[in-house]
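What follows is a set of notes on a single structure, which appears directly below.
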Amino acid sequence: MSLNRRQVLAGAGLALTSGLVRTSPASAAPIGEFDVVVVGSGAAGMTAALTAAKRGLSCVVLEKAPTYGGSAARSGAGIWIPNNEVILAAGVPDTPEKARQYLAAVVGDIPVVRQQAYLTFGPQMISFVMRNSPLRFRHMDGYSDYYPEFPGGIAKGRSIEPDMLDGNILGAELAHLNAPYLATPPGMVIFGADYKWLALALVNAKG
């Protein structure tokens, strides 16, 4: 497998510099030594790299695609993390006990220790990203939990999504971001709540 591109996280983990690597692993020139090597530049990989960089570790992100962002750059971007500070500030009536009941009802036989780790560290992760990057999130109001009738389910929904972010903060790297499946006009942002109206556009004036 050849590496076509690498992204190097520098400084505080917010600045990106990039280079092209178009050689096979057998003949690739060394790129140095790092405390942490992250393979893949999607949301999980970039969050891991940000965490490492903020802890003072040297870090490199390797990406085999000619673009970065992975499937996260093309997705609807909804994130389901109970009891995070964004939904609590928006008035979502969540509690640790409600979240525990709901997750247990949905995932079934997943070990309890893993469920608890998700419930404990998920909200901390959201807060960490907001404290250490320009990214902000907003509550997807009305995007219900998938099973609101289950114990601990919330019809108002626990999902969040990224808020508007000026892509120019990425500088020249913006051109290398994985493109969406359906592009929107420049400067237009479509949030989760807008999809309903887009789907009704041919039969509803508001859409």
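How things are named: the first chain in the structure tokens is A, the next is B, and so on; residues count from 1 in each chain; ligands count from 1 in the order shown.
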
Per DSSP on the backbone, what are the helix (DSSP H, G or I) residues of region 7-127 of chain A, as a ChimeraX atom specification? /A:43-54,70-73,85-89,96-107,112-127

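The residue set within 6 Å of region 143-157 of chain A, counting only C-alpha atoms and dropping same-chain residues fewer than 4 places from it, reads Lys98, Ala99, Gln101 and Tyr102 of chain A.
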
How about saving the chosen residues, C-alpha atoms kept, as an mmCIF file, in the first residue's frame?
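Writing done, so here's selection.cif:
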data_model
loop_
_atom_site.group_PDB
_atom_site.id
_atom_site.type_symbol
_atom_site.label_atom_id
_atom_site.label_comp_id
_atom_site.auth_asym_id
_atom_site.auth_seq_id
_atom_site.Cartn_x
_atom_site.Cartn_y
_atom_site.Cartn_z
ATOM 1 C CA LYS A 98 -30.994 8.239 31.915
ATOM 2 C CA ALA A 99 -28.035 7.843 29.581
ATOM 3 C CA GLN A 101 -30.451 3.123 31.048
ATOM 4 C CA TYR A 102 -30.837 4.076 27.402
#

I'd like the neighbourhood of region 191-193 of chain A as a list in words, where a residue qualifies if any of its atoms comes within 8 Å (using only C-alpha atoms), though same-chain residues fewer than 6 positions away should be ignored.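 Surrounding residues, per the criterion: Gly76, Gly78, Met140, Asp141, Gly142, Tyr143 and Glu161 of chain A.
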
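Each of A:Thr95, A:Asn132, A:Asn168, A:Asn204 was checked against Thr120 (chain A) using only C-alpha atoms; the smallest atom-to-atom distance is that of A:Thr95.
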
Within 7 Å of Phe137 (chain A), counting only C-alpha atoms, which residues show up once you throw out same-chain ones fewer than 2 positions away? Write them as an NGL selection string, please. :A and (86 or 135 or 139 or 160-163)

For Pro123 (chain A), please output as a list in words all residues within 8 Å (counting only C-alpha atoms; exclusion window: fewer than 2 positions along the same chain).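 What passes the distance filter is Ile81, Pro82, Asn83, Asn84, Glu85, Leu119, Thr120, Phe121, Met125, Ile126 and Ser127 of chain A.
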
Name the residues of region 44-141 of chain A that come out as strand (DSSP E) in a backbone DSSP run; write them as a short mmCIF file (atom, residue, chain, number, x, y, z; two decimals) with N, CA and C atoms, in the first residue's frame.
data_model
loop_
_atom_site.label_atom_id
_atom_site.label_comp_id
_atom_site.auth_asym_id
_atom_site.auth_seq_id
_atom_site.Cartn_x
_atom_site.Cartn_y
_atom_site.Cartn_z
N CYS A 59 3.79 14.29 16.94
CA CYS A 59 2.77 13.46 16.31
C CYS A 59 2.77 13.65 14.81
N VAL A 60 2.54 12.58 14.09
CA VAL A 60 2.37 12.65 12.64
C VAL A 60 1.09 11.90 12.28
N VAL A 61 0.35 12.44 11.32
CA VAL A 61 -0.86 11.80 10.82
C VAL A 61 -0.58 11.34 9.39
N LEU A 62 -0.71 10.05 9.15
CA LEU A 62 -0.48 9.48 7.83
C LEU A 62 -1.82 9.20 7.15
N GLU A 63 -1.93 9.62 5.89
CA GLU A 63 -3.17 9.45 5.14
C GLU A 63 -2.83 8.94 3.74
N ILE A 79 -23.27 13.63 16.05
CA ILE A 79 -22.50 12.94 17.08
C ILE A 79 -23.43 12.69 18.26
N TRP A 80 -23.49 11.43 18.70
CA TRP A 80 -24.36 11.07 19.83
C TRP A 80 -23.50 10.83 21.06
N PHE A 137 -19.86 23.18 18.60
CA PHE A 137 -20.97 22.29 18.26
C PHE A 137 -22.30 22.95 18.61
N ARG A 138 -23.36 22.43 18.01
CA ARG A 138 -24.71 22.89 18.32
C ARG A 138 -25.61 21.67 18.47
N HIS A 139 -26.64 21.83 19.31
CA HIS A 139 -27.59 20.75 19.54
C HIS A 139 -28.46 20.58 18.31
#
